[in-house]
Amino acid sequence: MNARSELPVVADDDTRLANADAAAAGRFIGQSLPRTGARKLLQGRGSYLDDIRVPRLAHVVFVRSPHAHARILALRLDAARACAGVIAVVDGRALAAYCTPWVGVLGHLKGIKSAEQHAIAIDRACSQGEAVAAIVAETRRQAEDAADQVSVDWDVLPAVTDMRAALEGSVVIHPQLGDNVCFHRELVTEGFDEAFAGADLVVEKTYDFARHTGVTNEPRGILADYNPAEHTLTVYQGTQAPHMMQDIFSRHLGIPESNVRVICKDVGGSFGIKVHVYPDEMATAALSVMLRRPVKFVADRMESFLTDIHAREHTATVRLACTKAGDIIGFDLDDLTGIGPYSVYPRTSGIEGNQVVNLTGGPYRHSHYRAKLDVVFTNKNVTCQYRAVGHPIAMALTEGIVDEAARALGMDPAQFRRRNLIADDAYPYTFPSGVKFEKLSHHQCLDKLLAAMDYEGLRAEQQRLRAQGVYRGIGLAAMIEVTNPSPAFYGVGGARISAQDGATLRLDPAGMVTVLVSVTEQGQGTEAVFAQVAATAVGVSMDRVRVVTGDTAVTPYGGGTWASRGAGIGGEAVLQAGKALKSNILEVAAAILSLDADLLDVRDNRVVDALTGRERMGLAELGRVAYFRPDTLPMGFQSELTVTRHYTPREYGFTFTNGIQASLVEVDVQTGFVRLLKHWCVEDCGTVLNPMLVDEQIRGGIVQGIGAALYEECLYDEAGQLRNGSMAEYLVPMAAEMPDIVVGHVETPTRSSELGAKGAGEAGTAGAPAAVMNAINDALAPLGVNLSAQPFTPQRILRALGALDT
């Protein structure tokens with residue numbers, strides 16, 4: 001990929017002025033600066049979960065079910081207990097005395113239900129890979145050898161692997177629930193039937209989306225260390241939400257929350273995979289309490305494929321009604337998704353489908369909407385929130401059917417979008433699903449994209465090549481993205497997941513600024529952005545800022561990293577704390593210099609005259625006086641050089657971003673292979689804090705979206721066996737296959753914060769699958785071929801062309 005392909009930023013003048021105070025306060029916000037932790041990682045000085053060693057450390061491995069659905073008749077553990085180095089062999093019933101079960105439901109998802117889930121299955125395994133016993137030993141190798149000695153007598157039960165069969169309910173996975181429906185939702189706007197009946201054109205199509213998973217560089221892992229003398233638990237974990245996990249360990253292990261410390265060091269990627277509660281990780285913490293010693297678990301790659309949450313298994317039928325002039329009247333959606341045997345705790349497995357309902361049709365102006373959603377249990381691995389939760393489904397449904405409507409009308413797809421995208425001056429705007437948009441910029445983004453890619457030139461080239469038997473396609477996909485979620489996302493449903501984040505800024509005696517933030521660093525560059533905001537707000541250079549994240553014992557309470565919220569929420573907390581710290585620094589300087597604080601400023605690590613810029617004193621000298629010679633300050637004056645601020649978005653349920661992507665592909669009709677020639681994205685994430693890091697996030701997200709469109713699929717057979725659970729068989733996008741990705745920006749800062757930042761981490765993933773799909777269908781349109789089942793593999797393309805038997 002060409003990381004230098006960039007477009008200039010287009011800003012909304014009114015909203016930029018509204019946020020000018022934050023943007024103009026210093027010279028670091030808006031600059032492309034490298035990640036602050038990159039040098040450490042490049043020198044091999046990172047500290048990942050498996051690098052951590054503590055005294056008396058034991059290792060746990062899990063005996064996992066080979067069946068998708070089976071009752072445990074007998075579990076023979078004695079041979080494993082006799083193996084060298086084994087400390088304990090534990091089944092689900094024994095561990096249940098130390099860890100209470102959980103149920104993944106939320107109060108605001110009306111009617112959602114799930115069965116109780118234990119850290120280790122007690123009577124029955126409901127998916128391949130579910131743990132049925134734990135082996136704890138002095139080394140991992142010893143634990144794995146002992147696990148081979150465990151034998152289990154199974155009563156294999158019928159496995160429900162087809163979503164339609166699950167919905168029909170001939171086999172009910174959890175009889176106590178009555179059926180296999182985890183969550184059902186319907187909505188319809190007034191006058192929907194009449195509007196569709198009177199439409200000039202109604203197009204309809206069914207789309208299939210394959211389940212896939214995150215494939216993080218670093219697998220999941222946890223080290224739990226229980227101290228019985230103090231009744232404390234210290235957990236090292238690669239997690240996106242340390243405070244959430246602190247609460248969960250406290251409640252399910254019976255330890256006061258203040259006695260639980262969760263530490264998240266360097267993390268090798270998360271993508272939403274590491275924001276959930278996993279039974280094997282809860283079991284590891286419970287084993288530490290049971291054995292009164294530290295216990296570590298690190299998933300191997302095959303365990304990751306079996307047990308890391310999957311996502312995006314959907315079959316959805318969507319209809320679009322419009323006039324013959326090309327004005328969209330409404331959308332109609334019927335979505336079915338399979339989530340495995342349990343709703344994942346605590347965020348639930350109903351959110352993805354719920355997002356699809358909320359977002360389908362989102363970028364477009366229309367008045368009528370009907371949607372039906374069924375979320376069903378199956379005997380596959382669980383699914384839950386993964387990068388851009390629900391967005392790739394909703395955008396593919398929307399953009400796919402928009403292209404179908406344009407094709408049926410004989411209208412250019414870009415012009416059809418231009419006619420129907422919500423106008424840039426129509427905000428605030430309420431979507432028919434009830435979602436509220438503060439301010440978006442669809443038309444600015446579309447205009448910039450078409451100019452950057454030379455849309456008309458590409459269309460002309462496409463026609464010339466078609467005459468030569470070369471099938472190139474151009475695909476467009478407008479997108480919206482949920483970022484900066486408010487308490488309306490989880491807190492309103494009863495989940496103890498914080499919508500706020502906090503930042504503590506401290507001026508040290510040597511003039512260094514330490515920033516402690518509740519948002520975690522997962523490899524996305526959050527620490528660099530926080531350093532930029534802090535340096536700008538306080539008036540110091542970047543090398544004077546040190547950022548600390550991922551430790552519940554020292555950082556303020558907060559939600560962590562998920563839903564593209566780090567910069568928008570955590571960054572605002574840092575900004576406000578930085579401004580308060582600067583104000584306090586000036587009060588101390590004023591006391592030392594016997595001047596009015598309004599006459600002073602902090603610039604380049606010095607206190608200066610606000611008007612002339614003349615240096616008055618360095619921050620190190622100010623720190624020396626404040627910390628070591630306060631006796632020289634006026635009587636009654638107390639310096640306060642540590643400040644904490646929190647921020648919670650409240651005005652809107654979510655701060656939406658928007659953008660548009662385009663893909664240029666060439667399809668080889670002889671082999672079915674798709675060659676990605678170029679990809680464009682123009683995105684609006686509000687104030688761009690660090691253009692280089694934002695572009696990295698956009699490009700990385702696009703690559704993951706391309707993976708879903710062309711390569712990634714968790715393949716199960718009818719018995720619920722995962723057939724491609726290794727890197728040798730599960731395809732992920734590789735650098736050599738990726739196109740040049742050109743990124744541009746429009747800036748429409750949110751008015752709900754002074755910083756004006758929205759999220760950017762998921763936009764690429766949200767729109768890329770739809771753009772690639774539309775490009776493939778555009779390429780094959782002259783042959784009368786249209787595909788709708790992701791991923792678009794060579795086999796599926798050849799079958800559609802009639803070159804392979806079904």
# chains A, B, ... in the order shown; residues from 1 in each chain; ligands from 1
>>> closest_atom_pairs(of="segment 55-119 of chain A", to="segment 484-507 of chain A", cutoff="10 Å", atoms="only C-alpha atoms", output="Markdown table")
| residue | atom | partner | partner_atom | distance |
| --- | --- | --- | --- | --- |
| A:Gly104 | CA | A:Ala495 | CA | 9.5 |
| A:Val105 | CA | A:Gly493 | CA | 8.3 |
| A:Leu106 | CA | A:Gly493 | CA | 4.6 |
| A:Gly107 | CA | A:Gly493 | CA | 4.1 |
| A:His108 | CA | A:Gly493 | CA | 4.7 |
| A:Leu109 | CA | A:Gly493 | CA | 7.4 |
| A:Lys110 | CA | A:Gly493 | CA | 9.6 |
>>> write_last_selection(atoms="C-alpha atoms", output="compact mmCIF listing (two decimals), in the first residue's frame")
# COMPACT_ATOMS: atom_id res chain seq x y z
CA GLY A 104 -25.63 -11.73 28.68
CA VAL A 105 -28.72 -9.51 28.50
CA LEU A 106 -29.40 -5.77 28.45
CA GLY A 107 -32.54 -4.12 29.75
CA HIS A 108 -33.07 -1.80 26.78
CA LEU A 109 -33.02 -4.69 24.27
CA LYS A 110 -36.60 -5.64 25.04
>>> residues_around(residues="Arg293 of chain A", least_positions_apart="5", cutoff="7 Å", atoms="only C-alpha atoms", output="list in words")
Arg56, Leu57, Asp225, Tyr226 and Ser288 of chain A
>>> write_last_selection(atoms="C-alpha atoms", output="CSV table (one decimal), in the first residue's frame")
chain,number,residue,atom,x,y,z
A,56,ARG,CA,5.1,-19.2,41.8
A,57,LEU,CA,3.5,-18.8,38.4
A,225,ASP,CA,-2.5,-13.3,40.9
A,226,TYR,CA,-4.7,-13.7,44.0
A,288,SER,CA,-5.9,-18.3,41.0
>>> residues_around(residues="segment 659-674 of chain A", least_positions_apart="6", cutoff="8 Å", atoms="only C-alpha atoms", output="MDAnalysis selection string")
chainID A and resid 441:442 445:446 449 470:480 680:684 763 767:768 771:772 775:776 779:780 793:798 801
>>> closest_residue(among="A:Gly523, A:Pro341, A:Pro66, A:Gly129", to="Thr307 of chain A", atoms="only C-alpha atoms")
A:Gly129
>>> closest_residue(among="A:Ser788, A:Ser433, A:Thr348, A:Asn658", to="Cys182 of chain A", atoms="only C-alpha atoms")
A:Thr348
>>> closest_residue(among="A:Ala452, A:Leu693, A:Ile569, A:Ala620", to="Ala589 of chain A", atoms="only C-alpha atoms")
A:Ala620
>>> residues_around(residues="Asp543 of chain A", least_positions_apart="2", cutoff="10 Å", atoms="only C-alpha atoms", output="list in words")
Thr36, Met512, Val513, Ala531, Ala535, Val540, Ser541, Val545 and Arg546 of chain A
>>> write_last_selection(atoms="C-alpha atoms", output="PDB file, in the first residue's frame")
ATOM      1  CA  THR A  36       5.078   7.837  21.183  1.00  0.00           C
ATOM      2  CA  MET A 512       7.379  16.920  33.148  1.00  0.00           C
ATOM      3  CA  VAL A 513       3.660  16.391  32.590  1.00  0.00           C
ATOM      4  CA  ALA A 531       0.317  13.433  24.377  1.00  0.00           C
ATOM      5  CA  ALA A 535       1.119  19.238  25.208  1.00  0.00           C
ATOM      6  CA  VAL A 540       4.777  22.068  26.786  1.00  0.00           C
ATOM      7  CA  SER A 541       6.745  20.154  24.184  1.00  0.00           C
ATOM      8  CA  VAL A 545       4.700  14.474  28.264  1.00  0.00           C
ATOM      9  CA  ARG A 546       4.469  10.909  29.539  1.00  0.00           C
TER      10      ARG A 546
END
>>> atom_distance(atom1="atom CA of Arg64 of chain A", atom2="atom CA of Val132 of chain A")
5.7 Å
>>> closest_residue(among="A:Thr398, A:Leu291, A:His391, A:Val103", to="Val277 of chain A", atoms="only C-alpha atoms")
A:Val103
>>> select_by_dssp(residues="segment 657-761 of chain A", states="strand (DSSP E or B)", output="ChimeraX atom specification")
/A:657-667,674-684,686,716,722,740-747,757
>>> residues_around(residues="Gly362 of chain A", least_positions_apart="4", cutoff="12 Å", atoms="only C-alpha atoms", output="JSON, numbers by chain")
{"A": [330, 331, 355, 356, 357, 358, 366, 367, 368, 369, 391, 394, 395, 396, 397, 398, 399, 402, 420, 421, 422, 429, 430, 431, 432, 433, 434, 435, 436, 437, 440, 442, 477, 478, 479, 480, 481, 482, 656, 657, 658, 659]}
>>> write_last_selection(atoms="C-alpha atoms", output="PDB file, in the first residue's frame")
ATOM      1  CA  GLY A 330     -38.050   3.910   1.874  1.00  0.00           C
ATOM      2  CA  PHE A 331     -36.243   0.730   2.886  1.00  0.00           C
ATOM      3  CA  GLN A 355     -27.077  -1.846  14.879  1.00  0.00           C
ATOM      4  CA  VAL A 356     -27.994  -3.263  11.468  1.00  0.00           C
ATOM      5  CA  VAL A 357     -31.606  -2.243  12.086  1.00  0.00           C
ATOM      6  CA  ASN A 358     -30.601   1.207  13.314  1.00  0.00           C
ATOM      7  CA  HIS A 366     -36.251   8.934   3.066  1.00  0.00           C
ATOM      8  CA  SER A 367     -39.319   8.779   5.282  1.00  0.00           C
ATOM      9  CA  HIS A 368     -40.434   5.165   5.368  1.00  0.00           C
ATOM     10  CA  TYR A 369     -38.722   2.216   7.008  1.00  0.00           C
ATOM     11  CA  HIS A 391     -21.882  -1.326  10.177  1.00  0.00           C
ATOM     12  CA  ALA A 394     -25.879  -2.294   7.203  1.00  0.00           C
ATOM     13  CA  MET A 395     -23.673  -0.459   4.707  1.00  0.00           C
ATOM     14  CA  ALA A 396     -23.485  -3.452   2.340  1.00  0.00           C
ATOM     15  CA  LEU A 397     -27.259  -3.902   2.452  1.00  0.00           C
ATOM     16  CA  THR A 398     -27.860  -0.204   1.890  1.00  0.00           C
ATOM     17  CA  GLU A 399     -25.232   0.389  -0.770  1.00  0.00           C
ATOM     18  CA  VAL A 402     -28.924   1.452  -3.864  1.00  0.00           C
ATOM     19  CA  ASN A 420     -30.573  10.970  -2.355  1.00  0.00           C
ATOM     20  CA  LEU A 421     -27.831  11.561   0.219  1.00  0.00           C
ATOM     21  CA  ILE A 422     -28.984  13.677   3.146  1.00  0.00           C
ATOM     22  CA  TYR A 429     -31.594  15.130  11.283  1.00  0.00           C
ATOM     23  CA  THR A 430     -33.586  12.230  12.679  1.00  0.00           C
ATOM     24  CA  PHE A 431     -33.413   8.976  10.750  1.00  0.00           C
ATOM     25  CA  PRO A 432     -36.631   6.898  10.476  1.00  0.00           C
ATOM     26  CA  SER A 433     -35.193   4.316  12.916  1.00  0.00           C
ATOM     27  CA  GLY A 434     -35.028   7.076  15.536  1.00  0.00           C
ATOM     28  CA  VAL A 435     -31.274   7.648  15.381  1.00  0.00           C
ATOM     29  CA  LYS A 436     -30.294  11.322  15.527  1.00  0.00           C
ATOM     30  CA  PHE A 437     -27.490  12.850  13.455  1.00  0.00           C
ATOM     31  CA  LEU A 440     -22.674  15.145   8.625  1.00  0.00           C
ATOM     32  CA  HIS A 442     -22.133  13.388   2.734  1.00  0.00           C
ATOM     33  CA  ALA A 477     -20.292   3.059  -0.770  1.00  0.00           C
ATOM     34  CA  ALA A 478     -21.464   5.898   1.438  1.00  0.00           C
ATOM     35  CA  MET A 479     -21.129   5.197   5.135  1.00  0.00           C
ATOM     36  CA  ILE A 480     -21.977   6.366   8.609  1.00  0.00           C
ATOM     37  CA  GLU A 481     -20.221   5.291  11.793  1.00  0.00           C
ATOM     38  CA  VAL A 482     -21.278   5.280  15.441  1.00  0.00           C
ATOM     39  CA  PHE A 656     -21.865   9.972  14.067  1.00  0.00           C
ATOM     40  CA  THR A 657     -19.123  10.256  11.509  1.00  0.00           C
ATOM     41  CA  ASN A 658     -19.599   9.789   7.793  1.00  0.00           C
ATOM     42  CA  GLY A 659     -17.700   9.292   4.576  1.00  0.00           C
TER      43      GLY A 659
END
>>> closest_residue(among="A:Ser65, A:Thr378, A:Ser47, A:Asn690", to="Gly525 of chain A", atoms="only C-alpha atoms")
A:Asn690
>>> select_by_dssp(residues="segment 147-349 of chain A", states="alpha helix (DSSP H)", output="PyMOL selection string")
chain A and resi 147+163-168+192-197+242-253+279-291+301-307
>>> residues_around(residues="Thr526 of chain A", least_positions_apart="5", cutoff="9 Å", atoms="only C-alpha atoms", output="JSON, numbers by chain")
{"A": [35, 519, 520, 521, 531, 566, 567, 571, 693]}
>>> closest_residue(among="A:Ala371, A:Ala735, A:Ala224, A:Val202", to="Val188 of chain A", atoms="only C-alpha atoms")
A:Ala371
>>> residues_around(residues="Ala534 of chain A", least_positions_apart="3", cutoff="12 Å", atoms="only C-alpha atoms", output="number ranges by chain")
A: 22, 25-29, 503-507, 512-517, 527-531, 537-547, 570-582, 689, 755
